[in-house]
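Shown next: my_file25.pdb, given as PDB, C-alpha atoms.
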```
ATOM      1  CA  MET A  16      11.005  -4.922 -14.656
ATOM      2  CA  GLN A  17      13.034  -5.954 -17.694
ATOM      3  CA  PRO A  18      12.660  -9.570 -18.860
ATOM      4  CA  THR A  19      15.686 -11.863 -18.711
ATOM      5  CA  ARG A  20      16.902 -14.450 -21.157
ATOM      6  CA  PRO A  21      15.155 -17.844 -20.941
ATOM      7  CA  GLY A  22      16.769 -20.123 -18.400
ATOM      8  CA  ARG A  23      18.585 -17.318 -16.567
ATOM      9  CA  PRO A  24      17.013 -16.192 -13.259
ATOM     10  CA  ASP A  25      16.849 -12.481 -12.608
ATOM     11  CA  PRO A  26      18.409 -11.809  -9.182
ATOM     12  CA  ARG A  27      16.526  -8.532  -8.922
ATOM     13  CA  ALA A  28      13.211 -10.327  -9.409
ATOM     14  CA  ALA A  29      14.105 -12.956  -6.813
ATOM     15  CA  ALA A  30      15.125 -10.274  -4.331
ATOM     16  CA  GLN A  31      11.940  -8.317  -4.877
ATOM     17  CA  GLN A  32       9.797 -11.427  -4.478
ATOM     18  CA  ALA A  33      11.562 -12.300  -1.235
ATOM     19  CA  GLN A  34      11.121  -8.724  -0.020
ATOM     20  CA  LEU A  35       7.399  -8.801  -0.766
ATOM     21  CA  ALA A  36       6.959 -12.094   1.052
ATOM     22  CA  ALA A  37       8.983 -10.923   4.052
ATOM     23  CA  ALA A  38       7.152  -7.621   4.275
ATOM     24  CA  MET A  39       3.818  -9.363   4.821
ATOM     25  CA  SER A  40       5.102 -12.104   7.113
ATOM     26  CA  GLY A  41       3.762 -10.429  10.246
ATOM     27  CA  ALA A  42       0.406  -9.611   8.711
ATOM     28  CA  VAL A  43      -0.580 -12.874   7.030
ATOM     29  CA  ASP A  44       0.320 -15.491   9.607
ATOM     30  CA  LEU A  45      -1.071 -18.886   8.662
ATOM     31  CA  ALA A  46      -1.286 -19.800  12.348
ATOM     32  CA  ALA A  47      -3.723 -16.932  12.769
ATOM     33  CA  VAL A  48      -5.624 -18.163   9.730
ATOM     34  CA  LYS A  49      -5.969 -21.517  11.438
ATOM     35  CA  ALA A  50      -7.242 -19.897  14.637
ATOM     36  CA  ARG A  51      -9.907 -18.074  12.660
ATOM     37  CA  SER A  52     -10.843 -21.321  10.920
ATOM     38  CA  GLU A  53     -11.319 -23.027  14.273
ATOM     39  CA  ALA A  54     -13.683 -20.286  15.407
ATOM     40  CA  ALA A  55     -15.567 -20.586  12.137
ATOM     41  CA  ALA A  56     -15.753 -24.349  12.640
ATOM     42  CA  ARG A  57     -17.431 -23.890  16.010
ATOM     43  CA  ALA A  58     -20.049 -21.712  14.338
ATOM     44  CA  ALA A  59     -20.450 -24.188  11.492
ATOM     45  CA  ALA A  60     -21.208 -26.945  13.988
ATOM     46  CA  ALA A  61     -24.585 -25.262  14.522
ATOM     47  CA  PRO A  62     -27.172 -24.842  11.769
ATOM     48  CA  PRO A  63     -26.465 -21.865   9.496
ATOM     49  CA  PRO A  64     -28.697 -18.854  10.087
ATOM     50  CA  ASP A  65     -32.054 -19.196   8.376
ATOM     51  CA  ALA A  66     -34.846 -16.620   8.327
ATOM     52  CA  GLU A  67     -37.411 -19.443   8.202
ATOM     53  CA  VAL A  68     -36.315 -20.884  11.561
ATOM     54  CA  PRO A  69     -38.471 -19.624  14.456
ATOM     55  CA  GLY A  70     -36.798 -17.061  16.705
ATOM     56  CA  GLY A  71     -34.823 -18.644  19.526
ATOM     57  CA  ALA A  72     -34.376 -21.993  17.737
ATOM     58  CA  PRO A  73     -30.899 -23.163  16.658
ATOM     59  CA  GLY A  74     -29.917 -21.396  13.454
ATOM     60  CA  ALA A  75     -32.501 -18.623  13.771
ATOM     61  CA  ALA A  76     -31.750 -15.253  12.197
ATOM     62  CA  VAL A  77     -33.073 -13.579  15.369
ATOM     63  CA  VAL A  78     -31.794 -14.830  18.733
ATOM     64  CA  ASP A  79     -32.015 -13.723  22.349
ATOM     65  CA  VAL A  80     -28.521 -13.579  23.807
ATOM     66  CA  THR A  81     -27.406 -13.889  27.426
ATOM     67  CA  GLU A  82     -24.015 -13.723  29.080
ATOM     68  CA  ALA A  83     -23.902 -17.531  28.907
ATOM     69  CA  THR A  84     -24.624 -17.706  25.156
ATOM     70  CA  PHE A  85     -22.713 -14.604  23.979
ATOM     71  CA  GLN A  86     -19.621 -16.573  22.926
ATOM     72  CA  ALA A  87     -21.530 -19.033  20.732
ATOM     73  CA  GLU A  88     -24.301 -16.807  19.405
ATOM     74  CA  VAL A  89     -22.273 -13.633  18.823
ATOM     75  CA  LEU A  90     -18.504 -14.144  18.781
ATOM     76  CA  ASP A  91     -18.394 -17.591  17.148
ATOM     77  CA  ARG A  92     -21.319 -16.860  14.838
ATOM     78  CA  SER A  93     -19.641 -13.646  13.690
ATOM     79  CA  PHE A  94     -17.025 -15.775  11.929
ATOM     80  CA  GLN A  95     -19.857 -17.022   9.722
ATOM     81  CA  VAL A  96     -22.016 -13.937   9.150
ATOM     82  CA  PRO A  97     -22.097 -10.436  10.635
ATOM     83  CA  VAL A  98     -24.020 -10.230  13.914
ATOM     84  CA  VAL A  99     -26.027  -7.124  14.816
ATOM     85  CA  LEU A 100     -26.521  -6.598  18.535
ATOM     86  CA  ASP A 101     -29.777  -4.937  19.595
ATOM     87  CA  LEU A 102     -29.309  -3.747  23.178
ATOM     88  CA  TRP A 103     -32.682  -2.981  24.726
ATOM     89  CA  ALA A 104     -34.803  -3.024  27.907
ATOM     90  CA  GLU A 105     -38.492  -3.557  28.609
ATOM     91  CA  TRP A 106     -38.962  -0.010  29.949
ATOM     92  CA  CYS A 107     -37.358   1.631  26.884
ATOM     93  CA  GLY A 108     -39.977   3.169  24.571
ATOM     94  CA  PRO A 109     -37.622   3.879  21.603
ATOM     95  CA  CYS A 110     -36.380   0.266  21.844
ATOM     96  CA  LYS A 111     -39.930  -0.918  21.154
ATOM     97  CA  GLN A 112     -39.914   1.168  17.977
ATOM     98  CA  LEU A 113     -36.519  -0.009  16.684
ATOM     99  CA  SER A 114     -36.530  -3.706  17.643
ATOM    100  CA  PRO A 115     -39.458  -4.747  15.383
ATOM    101  CA  VAL A 116     -37.774  -2.956  12.462
ATOM    102  CA  LEU A 117     -34.521  -4.865  13.003
ATOM    103  CA  GLU A 118     -36.386  -8.155  13.385
ATOM    104  CA  ARG A 119     -38.212  -7.555  10.099
ATOM    105  CA  LEU A 120     -34.954  -6.694   8.317
ATOM    106  CA  ALA A 121     -33.287  -9.817   9.735
ATOM    107  CA  ALA A 122     -36.113 -11.931   8.330
ATOM    108  CA  GLU A 123     -35.720 -10.228   4.952
ATOM    109  CA  GLY A 124     -31.957 -10.860   5.118
ATOM    110  CA  GLY A 125     -32.492 -14.579   4.674
ATOM    111  CA  GLY A 126     -29.685 -15.553   7.035
ATOM    112  CA  SER A 127     -27.079 -13.175   5.560
ATOM    113  CA  TRP A 128     -26.782 -11.629   9.035
ATOM    114  CA  VAL A 129     -27.998 -12.416  12.534
ATOM    115  CA  LEU A 130     -29.861 -10.152  14.938
ATOM    116  CA  ALA A 131     -28.792 -10.856  18.525
ATOM    117  CA  LYS A 132     -31.079  -9.221  21.102
ATOM    118  CA  VAL A 133     -29.585  -8.382  24.507
ATOM    119  CA  ASP A 134     -31.765  -7.317  27.446
ATOM    120  CA  VAL A 135     -29.369  -4.967  29.259
ATOM    121  CA  ASP A 136     -31.253  -5.265  32.572
ATOM    122  CA  ALA A 137     -30.932  -9.057  32.560
ATOM    123  CA  ASN A 138     -27.326  -8.965  31.307
ATOM    124  CA  PRO A 139     -25.580  -6.015  32.980
ATOM    125  CA  ALA A 140     -22.080  -7.470  32.525
ATOM    126  CA  LEU A 141     -22.597  -7.591  28.753
ATOM    127  CA  ALA A 142     -23.858  -4.022  28.705
ATOM    128  CA  GLN A 143     -20.837  -2.906  30.689
ATOM    129  CA  GLY A 144     -18.392  -4.884  28.537
ATOM    130  CA  LEU A 145     -19.905  -3.406  25.384
ATOM    131  CA  ARG A 146     -19.700   0.105  26.898
ATOM    132  CA  VAL A 147     -23.371   0.817  26.446
ATOM    133  CA  GLN A 148     -24.067   4.447  27.378
ATOM    134  CA  GLY A 149     -27.744   4.496  26.462
ATOM    135  CA  ILE A 150     -30.390   2.432  24.695
ATOM    136  CA  PRO A 151     -31.439   1.502  22.154
ATOM    137  CA  ALA A 152     -27.879   0.786  21.074
ATOM    138  CA  VAL A 153     -26.968  -1.217  17.983
ATOM    139  CA  LYS A 154     -23.504  -2.691  17.469
ATOM    140  CA  ALA A 155     -22.272  -4.838  14.575
ATOM    141  CA  VAL A 156     -19.741  -7.627  15.148
ATOM    142  CA  TRP A 157     -17.728  -9.333  12.410
ATOM    143  CA  GLN A 158     -15.142 -12.045  13.105
ATOM    144  CA  GLY A 159     -15.044 -11.181  16.773
ATOM    145  CA  GLN A 160     -14.570  -7.434  16.304
ATOM    146  CA  LEU A 161     -16.880  -4.464  16.636
ATOM    147  CA  VAL A 162     -17.056  -2.874  13.181
ATOM    148  CA  ALA A 163     -19.974  -0.412  13.325
ATOM    149  CA  GLU A 164     -22.594   0.978  15.671
ATOM    150  CA  PHE A 165     -25.295   3.577  16.170
ATOM    151  CA  ASN A 166     -27.421   4.793  19.060
ATOM    152  CA  GLY A 167     -31.092   5.678  19.257
ATOM    153  CA  ALA A 168     -34.131   4.708  17.222
ATOM    154  CA  ILE A 169     -33.582   5.557  13.554
ATOM    155  CA  PRO A 170     -36.013   5.371  10.596
ATOM    156  CA  GLU A 171     -36.419   2.022   8.868
ATOM    157  CA  GLU A 172     -34.679   3.226   5.688
ATOM    158  CA  GLN A 173     -31.589   4.178   7.653
ATOM    159  CA  ALA A 174     -31.613   0.862   9.499
ATOM    160  CA  ARG A 175     -31.939  -0.957   6.175
ATOM    161  CA  GLN A 176     -28.979   0.997   4.780
ATOM    162  CA  PHE A 177     -26.933   0.126   7.880
ATOM    163  CA  VAL A 178     -27.409  -3.636   7.543
ATOM    164  CA  THR A 179     -27.084  -3.535   3.736
ATOM    165  CA  GLU A 180     -23.724  -1.785   3.887
ATOM    166  CA  LEU A 181     -22.636  -4.065   6.750
ATOM    167  CA  VAL A 182     -23.234  -7.176   4.660
ATOM    168  CA  LYS A 183     -21.531  -5.610   1.623
ATOM    169  CA  ALA A 184     -18.485  -4.673   3.705
ATOM    170  CA  THR A 185     -18.126  -8.142   5.230
ATOM    171  CA  THR A 186     -19.422 -11.214   3.397
ATOM    172  CA  GLY A 187     -21.239  -9.675   0.455
ATOM    173  CA  GLY A 188     -24.119 -11.946   1.455
ATOM    174  CA  ALA A 189     -22.262 -15.278   1.278
ATOM    175  CA  LEU A 190     -21.830 -17.613   4.240
ATOM    176  CA  THR A 191     -18.215 -18.117   5.299
ATOM    177  CA  GLY A 192     -16.437 -20.824   7.215
ATOM    178  CA  GLY A 193     -16.126 -24.525   6.494
ATOM    179  CA  GLU A 194     -17.199 -27.850   7.876
ATOM    180  CA  PRO A 195     -16.657 -28.507  11.575
ATOM    181  CA  GLY A 196     -13.211 -29.827  12.377
ATOM    182  CA  GLU A 197     -11.649 -29.294   8.972
ATOM    183  CA  ALA A 198      -9.144 -26.790  10.381
ATOM    184  CA  ASP A 199      -8.059 -29.179  13.151
ATOM    185  CA  VAL A 200      -6.045 -31.441  10.851
ATOM    186  CA  GLU A 201      -2.487 -30.602   9.800
ATOM    187  CA  ASP A 202      -2.126 -30.621   6.020
ATOM    188  CA  PRO A 203       1.358 -31.586   4.727
ATOM    189  CA  ARG A 204       0.437 -30.231   1.288
ATOM    190  CA  LEU A 205       0.861 -26.736   2.699
ATOM    191  CA  ASP A 206       4.549 -27.321   3.399
ATOM    192  CA  ALA A 207       5.663 -27.073  -0.225
ATOM    193  CA  ALA A 208       3.637 -23.933  -0.789
ATOM    194  CA  GLU A 209       4.973 -22.262   2.349
ATOM    195  CA  ALA A 210       8.553 -23.218   1.451
ATOM    196  CA  ALA A 211       8.134 -21.658  -1.998
ATOM    197  CA  LEU A 212       6.724 -18.496  -0.427
ATOM    198  CA  GLU A 213       9.629 -18.265   2.008
ATOM    199  CA  ARG A 214      12.194 -18.406  -0.802
ATOM    200  CA  GLY A 215      10.253 -15.819  -2.809
ATOM    201  CA  ASP A 216       9.070 -18.183  -5.578
ATOM    202  CA  LEU A 217       5.575 -16.777  -5.915
ATOM    203  CA  ALA A 218       4.736 -18.733  -9.066
ATOM    204  CA  ALA A 219       5.532 -22.046  -7.354
ATOM    205  CA  ALA A 220       3.605 -21.047  -4.235
ATOM    206  CA  GLU A 221       0.558 -20.079  -6.288
ATOM    207  CA  ALA A 222       0.736 -23.365  -8.218
ATOM    208  CA  ALA A 223       0.950 -25.352  -4.967
ATOM    209  CA  TYR A 224      -2.060 -23.633  -3.426
ATOM    210  CA  ARG A 225      -4.040 -23.997  -6.646
ATOM    211  CA  SER A 226      -3.236 -27.715  -6.700
ATOM    212  CA  ILE A 227      -4.701 -28.082  -3.196
ATOM    213  CA  LEU A 228      -7.823 -26.162  -4.171
ATOM    214  CA  ASP A 229      -8.269 -28.198  -7.367
ATOM    215  CA  THR A 230      -8.853 -31.281  -5.230
ATOM    216  CA  GLU A 231     -10.388 -29.520  -2.205
ATOM    217  CA  PRO A 232     -12.065 -26.275  -3.299
ATOM    218  CA  GLU A 233     -13.222 -25.377   0.226
ATOM    219  CA  HIS A 234      -9.803 -25.781   1.891
ATOM    220  CA  PRO A 235      -9.786 -22.820   4.344
ATOM    221  CA  GLU A 236      -6.047 -22.160   4.636
ATOM    222  CA  ALA A 237      -5.156 -22.712   0.974
ATOM    223  CA  ALA A 238      -7.910 -20.384  -0.225
ATOM    224  CA  LEU A 239      -6.720 -17.518   1.946
ATOM    225  CA  ALA A 240      -3.039 -18.187   1.266
ATOM    226  CA  LEU A 241      -3.710 -18.151  -2.481
ATOM    227  CA  ARG A 242      -5.255 -14.694  -2.148
ATOM    228  CA  GLN A 243      -2.133 -13.591  -0.304
ATOM    229  CA  VAL A 244       0.177 -14.898  -3.017
ATOM    230  CA  GLN A 245      -1.940 -13.283  -5.710
ATOM    231  CA  LEU A 246      -1.619 -10.011  -3.814
ATOM    232  CA  PHE A 247       2.175 -10.398  -3.766
ATOM    233  CA  ARG A 248       2.191 -10.939  -7.516
ATOM    234  CA  ARG A 249      -0.064  -7.956  -8.195
ATOM    235  CA  ALA A 250       2.184  -5.825  -5.981
ATOM    236  CA  GLU A 251       5.257  -6.972  -7.881
ATOM    237  CA  GLU A 252       3.582  -6.239 -11.205
ATOM    238  CA  ALA A 253       2.439  -2.777 -10.067
ATOM    239  CA  GLY A 254       5.837  -1.758  -8.708
ATOM    240  CA  PRO A 255       6.686   1.551  -7.051
ATOM    241  CA  ASP A 256       5.665   3.461 -10.199
ATOM    242  CA  ALA A 257       2.051   2.644  -9.289
ATOM    243  CA  LEU A 258       2.158   5.231  -6.507
ATOM    244  CA  ALA A 259       3.111   8.098  -8.800
ATOM    245  CA  ALA A 260       0.533   6.992 -11.365
ATOM    246  CA  ALA A 261      -2.198   6.915  -8.712
ATOM    247  CA  ASP A 262      -1.226  10.303  -7.306
ATOM    248  CA  ALA A 263      -1.400  11.771 -10.816
ATOM    249  CA  ALA A 264      -4.892  10.327 -11.409
ATOM    250  CA  PRO A 265      -6.819  10.422  -8.095
ATOM    251  CA  ASP A 266     -10.140   9.579  -9.797
ATOM    252  CA  ASP A 267      -8.777   6.525 -11.641
ATOM    253  CA  VAL A 268     -10.006   3.603  -9.528
ATOM    254  CA  THR A 269      -7.791   1.073 -11.332
ATOM    255  CA  ALA A 270      -4.726   3.193 -10.598
ATOM    256  CA  GLN A 271      -5.741   3.471  -6.933
ATOM    257  CA  THR A 272      -6.258  -0.293  -6.559
ATOM    258  CA  ARG A 273      -2.842  -0.996  -8.134
ATOM    259  CA  ALA A 274      -1.211   1.463  -5.748
ATOM    260  CA  ALA A 275      -3.037  -0.108  -2.793
ATOM    261  CA  ASP A 276      -1.838  -3.566  -3.883
ATOM    262  CA  PHE A 277       1.760  -2.332  -4.013
ATOM    263  CA  LEU A 278       1.471  -0.669  -0.608
ATOM    264  CA  LEU A 279      -0.051  -3.745   1.023
ATOM    265  CA  GLY A 280       2.415  -6.079  -0.663
ATOM    266  CA  THR A 281       5.316  -4.081   0.753
ATOM    267  CA  GLY A 282       3.888  -3.991   4.257
ATOM    268  CA  ASN A 283       2.315  -0.516   4.240
ATOM    269  CA  ILE A 284      -1.034  -1.838   5.367
ATOM    270  CA  GLU A 285      -2.618   1.315   6.763
ATOM    271  CA  ALA A 286      -1.527   3.364   3.744
ATOM    272  CA  ALA A 287      -3.106   0.793   1.412
ATOM    273  CA  PHE A 288      -6.381   0.881   3.333
ATOM    274  CA  ASP A 289      -6.370   4.682   3.575
ATOM    275  CA  ARG A 290      -5.925   5.075  -0.189
ATOM    276  CA  LEU A 291      -9.021   3.006  -0.978
ATOM    277  CA  LEU A 292     -11.029   4.484   1.889
ATOM    278  CA  ASP A 293     -10.378   7.896   0.341
ATOM    279  CA  VAL A 294     -11.801   6.650  -2.966
ATOM    280  CA  VAL A 295     -14.901   5.253  -1.238
ATOM    281  CA  ARG A 296     -15.486   8.597   0.481
ATOM    282  CA  ARG A 297     -15.100  10.624  -2.735
ATOM    283  CA  ALA A 298     -16.538   8.351  -5.411
ATOM    284  CA  SER A 299     -20.066   7.229  -6.190
ATOM    285  CA  GLY A 300     -21.841   4.533  -8.166
ATOM    286  CA  GLU A 301     -19.725   1.855  -9.840
ATOM    287  CA  ASP A 302     -16.408   3.490  -8.928
ATOM    288  CA  ARG A 303     -17.303   3.516  -5.250
ATOM    289  CA  ASP A 304     -18.435  -0.097  -5.394
ATOM    290  CA  ARG A 305     -15.198  -1.200  -7.121
ATOM    291  CA  ALA A 306     -13.077   0.533  -4.485
ATOM    292  CA  ARG A 307     -15.162  -0.980  -1.680
ATOM    293  CA  THR A 308     -14.941  -4.475  -3.162
ATOM    294  CA  HIS A 309     -11.172  -4.267  -3.590
ATOM    295  CA  LEU A 310     -10.752  -2.945  -0.060
ATOM    296  CA  VAL A 311     -12.770  -5.841   1.362
ATOM    297  CA  GLU A 312     -10.543  -8.242  -0.606
ATOM    298  CA  LEU A 313      -7.472  -6.659   0.995
ATOM    299  CA  PHE A 314      -9.089  -7.061   4.426
ATOM    300  CA  ALA A 315      -9.345 -10.788   3.687
ATOM    301  CA  VAL A 316      -5.667 -10.951   2.756
ATOM    302  CA  VAL A 317      -4.504  -9.348   5.991
ATOM    303  CA  GLY A 318      -7.057 -11.105   8.218
ATOM    304  CA  ASP A 319      -9.568  -9.805  10.731
ATOM    305  CA  GLU A 320      -7.364 -10.650  13.702
ATOM    306  CA  ASP A 321      -5.183  -7.679  12.709
ATOM    307  CA  PRO A 322      -6.457  -4.574  14.574
ATOM    308  CA  ARG A 323      -5.757  -2.408  11.523
ATOM    309  CA  VAL A 324      -8.435  -4.322   9.638
ATOM    310  CA  GLY A 325     -10.978  -3.715  12.374
ATOM    311  CA  ALA A 326     -10.173   0.004  12.387
ATOM    312  CA  ALA A 327     -10.432   0.212   8.597
ATOM    313  CA  ARG A 328     -13.720  -1.709   8.572
ATOM    314  CA  ARG A 329     -15.160   0.814  10.991
ATOM    315  CA  GLN A 330     -14.017   3.644   8.733
ATOM    316  CA  LEU A 331     -15.515   1.857   5.724
ATOM    317  CA  MET A 332     -18.858   1.467   7.483
ATOM    318  CA  ALA A 333     -18.777   5.143   8.458
ATOM    319  CA  ALA A 334     -18.090   6.098   4.833
ATOM    320  CA  LEU A 335     -20.870   3.873   3.491
ATOM    321  CA  PHE A 336     -23.545   4.548   6.087
TER     322      PHE A 336
END
```
Could you write out this file's structure as C-alpha cells?
Amino acid sequence: MQPTRPGRPDPRAAAQQAQLAAAMSGAVDLAAVKARSEAAARAAAAPPPDAEVPGGAPGAAVVDVTEATFQAEVLDRSFQVPVVLDLWAEWCGPCKQLSPVLERLAAEGGGSWVLAKVDVDANPALAQGLRVQGIPAVKAVWQGQLVAEFNGAIPEEQARQFVTELVKATTGGALTGGEPGEADVEDPRLDAAEAALERGDLAAAEAAYRSILDTEPEHPEAALALRQVQLFRRAEEAGPDALAAADAAPDDVTAQTRAADFLLGTGNIEAAFDRLLDVVRRASGEDRDRARTHLVELFAVVGDEDPRVGAARRQLMAALF
C-alpha cells in the first residue's frame, strides 16, 4: 500500500480496514468472548488444579467424575486447563494398566492438565453421551469441546506424548481464565474500542484496548480483542501478495504465517488453519513448533466456541501425536 501525504487519509486504506473488520465480525463476537469468560469464572471459583492436592479433593489434578459433577469438573474446568477423561471399569484389565500411567503423568503435570476418571458402569449416561465404544477410552476436552482421543492401553511414552502435545496445543502450560465474577460487569471502556473497530480505525482500537490493559492487565475481553485487532493489522500489512509469496516458498514458515494472517483477517478461517496445519504435518523441529504456536494464536483470535476451531484442534492433535 502506497503511503499518503501527512494529514490526508487514504480512502483505500480506510476501506480495507473496514473490510477486514467486517470479515471477522461473525467469528470474533465479543458476546461469545464474554460467555467463555463466564465459564472460566466458574472454574476459577474453585482452587486451581494442583498435583500436590490429594486425589478427590477440590483442586486435585486427578478427580473422579460422575454425571452430577461432569459440568463442574470437566466442562467448566476445561476453560482453565485441558481435561483428559479416563473412561474405565473395574472389570477391565487394560484399564488397570493405563489408569496408573495417566495418574502418574497428571501428578508430573503439576496442574497443567486434569485427569478426570469416569467409571462407565456407574455412569452409563456419560458413556453413552461420549459415544464410548470400548474401554479404556481416553478423550481430551478443551473449552467445552472434544479435541483429541485414543482407545486402548498404550505405552507410557505414547501417553506422555499425548498429554504433552495436548498442553502445547491448548494452554502451553499456563493457567487461563480470570477471577470469579470479573466477566459479569459491563465495562464502558470497551465502547470506544469497539466503535473504532466498527469504523475500521484499527490504530485507535488497538490504542483503546492497550489503555485498558495498561491499568488492568488481566482484563479478559480486552486481552482477546487486542489479539484480534493485531491480527487485522498483520493481515492488512501482509496483503493479498502474501498468498503468492507463500505458495512460491512452501517451506518458508514466516511466509506461511503471513499468508495465514491475511486469510484469517479476510474471513477465510478454514483456509488459514489448513495452511498452517500443512506446515505442522510437513515440518520438524523449530519450524514445526513456530507453525504450531502461530496456529494456536489464531485459534485464540477466533475463539473455541467456533466449531472450525474445534475441528482444527483435532487435526493439530492428530498431526502432533
Discussion item. Measuring between all atoms listed in the file, which one of A:Ser299, A:Gln330, A:Thr281, A:Ser93 shows the shortest distance to Val268 (chain A)?
Written reply: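 For Val268 (chain A), the nearest of the candidates is A:Ser299.
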At most 12 Å is the cut-off: for each residue in region 262-314 of chain A with any atom that close to an atom of region 322-326 of chain A, write down the nearest atom pair and the distance in Å rounded to one decimal, counting only C-alpha atoms, chain first then increasing number, as a Markdown table.
```
| residue | atom | partner | partner_atom | distance |
| --- | --- | --- | --- | --- |
| A:Asn283 | CA | A:Arg323 | CA | 11.0 |
| A:Ile284 | CA | A:Arg323 | CA | 7.8 |
| A:Glu285 | CA | A:Arg323 | CA | 6.8 |
| A:Ala286 | CA | A:Arg323 | CA | 10.6 |
| A:Ala287 | CA | A:Arg323 | CA | 10.9 |
| A:Phe288 | CA | A:Val324 | CA | 8.4 |
| A:Asp289 | CA | A:Arg323 | CA | 10.7 |
| A:Leu292 | CA | A:Ala326 | CA | 11.4 |
| A:Leu310 | CA | A:Val324 | CA | 10.1 |
| A:Val311 | CA | A:Val324 | CA | 9.5 |
| A:Glu312 | CA | A:Val324 | CA | 11.2 |
| A:Leu313 | CA | A:Val324 | CA | 9.0 |
| A:Phe314 | CA | A:Val324 | CA | 5.9 |
```
Please enclose the listed atoms of region 216-226 of chain A in an axis-aligned box, pad each side by 5 Å, and write out the centre and the three edge lengths in Å, rounded to one decimal, as AutoDock Vina command-line options.
```
--center_x 2.5 --center_y -22.2 --center_z -6.2 --size_x 23.1 --size_y 20.9 --size_z 15.6
```
Discussion item. At a cut-off of 9 Å, using all atoms listed in the file, what residues contact region 333-336 of chain A? Leave out same-chain residues fewer than 3 positions from it and give the result as a list of chain:residue names.
Written reply: A:Ala163, A:Gln173, A:Gln176, A:Phe177, A:Glu180, A:Leu181, A:Ala184, A:Leu292, A:Val295, A:Arg296, A:Arg328, A:Arg329, A:Gln330
Discussion item. Using the chain letters and numbers from this file, what does the PyMOL selection byres ((chain A and resi 113-125) around 8) select? Give the answer as a PyMOL selection string.
Written reply: chain A and resi 64-67+76-77+101+109-112+126-130+151+168-169+171+174-175
Discussion item. Measuring between only C-alpha atoms, which one of A:Leu331, A:Leu291, A:Val147, A:Leu141 shows the shortest distance to Thr185 (chain A)?
Written reply: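 Among A:Leu331, A:Leu291, A:Val147, A:Leu141, it is A:Leu331 that comes nearest to Thr185 (chain A).
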Worksheet entry | Residue members of the PyMOL selection byres ((chain A and resi 155) around 6) in the file shown, as a list in words | Val98, Val99, Lys154, Val156, Leu161, Val162, Ala163 and Glu164 of chain A
Fill in: Two-atom distance - CA of Thr308 (chain A), CA of Glu320 (chain A) (Å)
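That distance, rounded to one decimal, is 19.5 Å.
Remark: for Glu236 (chain A), the closest of the candidate residues A:Arg307, A:Arg290, A:Arg204, A:Arg273 is A:Arg204 (distances computed over all atoms listed in the file).
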Discussion item. Need to verify the contact set: Gln148 (chain A), 12 Å, all atoms listed in the file, exclusion of same-chain residues closer than 3 positions in sequence. Can you return it as an MDAnalysis selection string?
Written reply: chainID A and resid 102:103 135 139 142:145 151:153 165:167
Fill in: Chain and number of each residue from the PyMOL selection byres ((chain A and resi 244-253) around 8), as a PyMOL selection string
chain A and resi 31-32+35-36+212+217+220-221+240-243+254-257+273-274+276-281+316
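Between CA of Pro97 (chain A) and CA of Trp157 (chain A) the separation is 4.8 Å.
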Fill in: Nearest to Pro265 (chain A) by atom-to-atom distance, counting only C-alpha atoms, from A:Ala298, A:Ala131, A:Ala327, A:Cys107
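Checking each of A:Ala298, A:Ala131, A:Ala327, A:Cys107 against Pro265 (chain A), counting only C-alpha atoms, the winner is A:Ala298.
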Fill in: Between CA of Ala263 (chain A) and CA of Gly300 (chain A) - distance in Å to one decimal
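Pair CA of Gly300 (chain A) / CA of Ala263 (chain A) returns 21.8 Å.
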Exercise: Glu209 (chain A) partners within 9 Å, all atoms listed in the file, chain neighbours under 4 positions left out, as a PDB file with C-alpha atoms, in the coordinates of the input:
```
ATOM      1  CA  LEU A 205       0.861 -26.736   2.699  1.00  0.00           C
ATOM      2  CA  GLU A 213       9.629 -18.265   2.008  1.00  0.00           C
ATOM      3  CA  ARG A 214      12.194 -18.406  -0.802  1.00  0.00           C
ATOM      4  CA  ALA A 220       3.605 -21.047  -4.235  1.00  0.00           C
ATOM      5  CA  ALA A 223       0.950 -25.352  -4.967  1.00  0.00           C
TER       6      ALA A 223
END
```
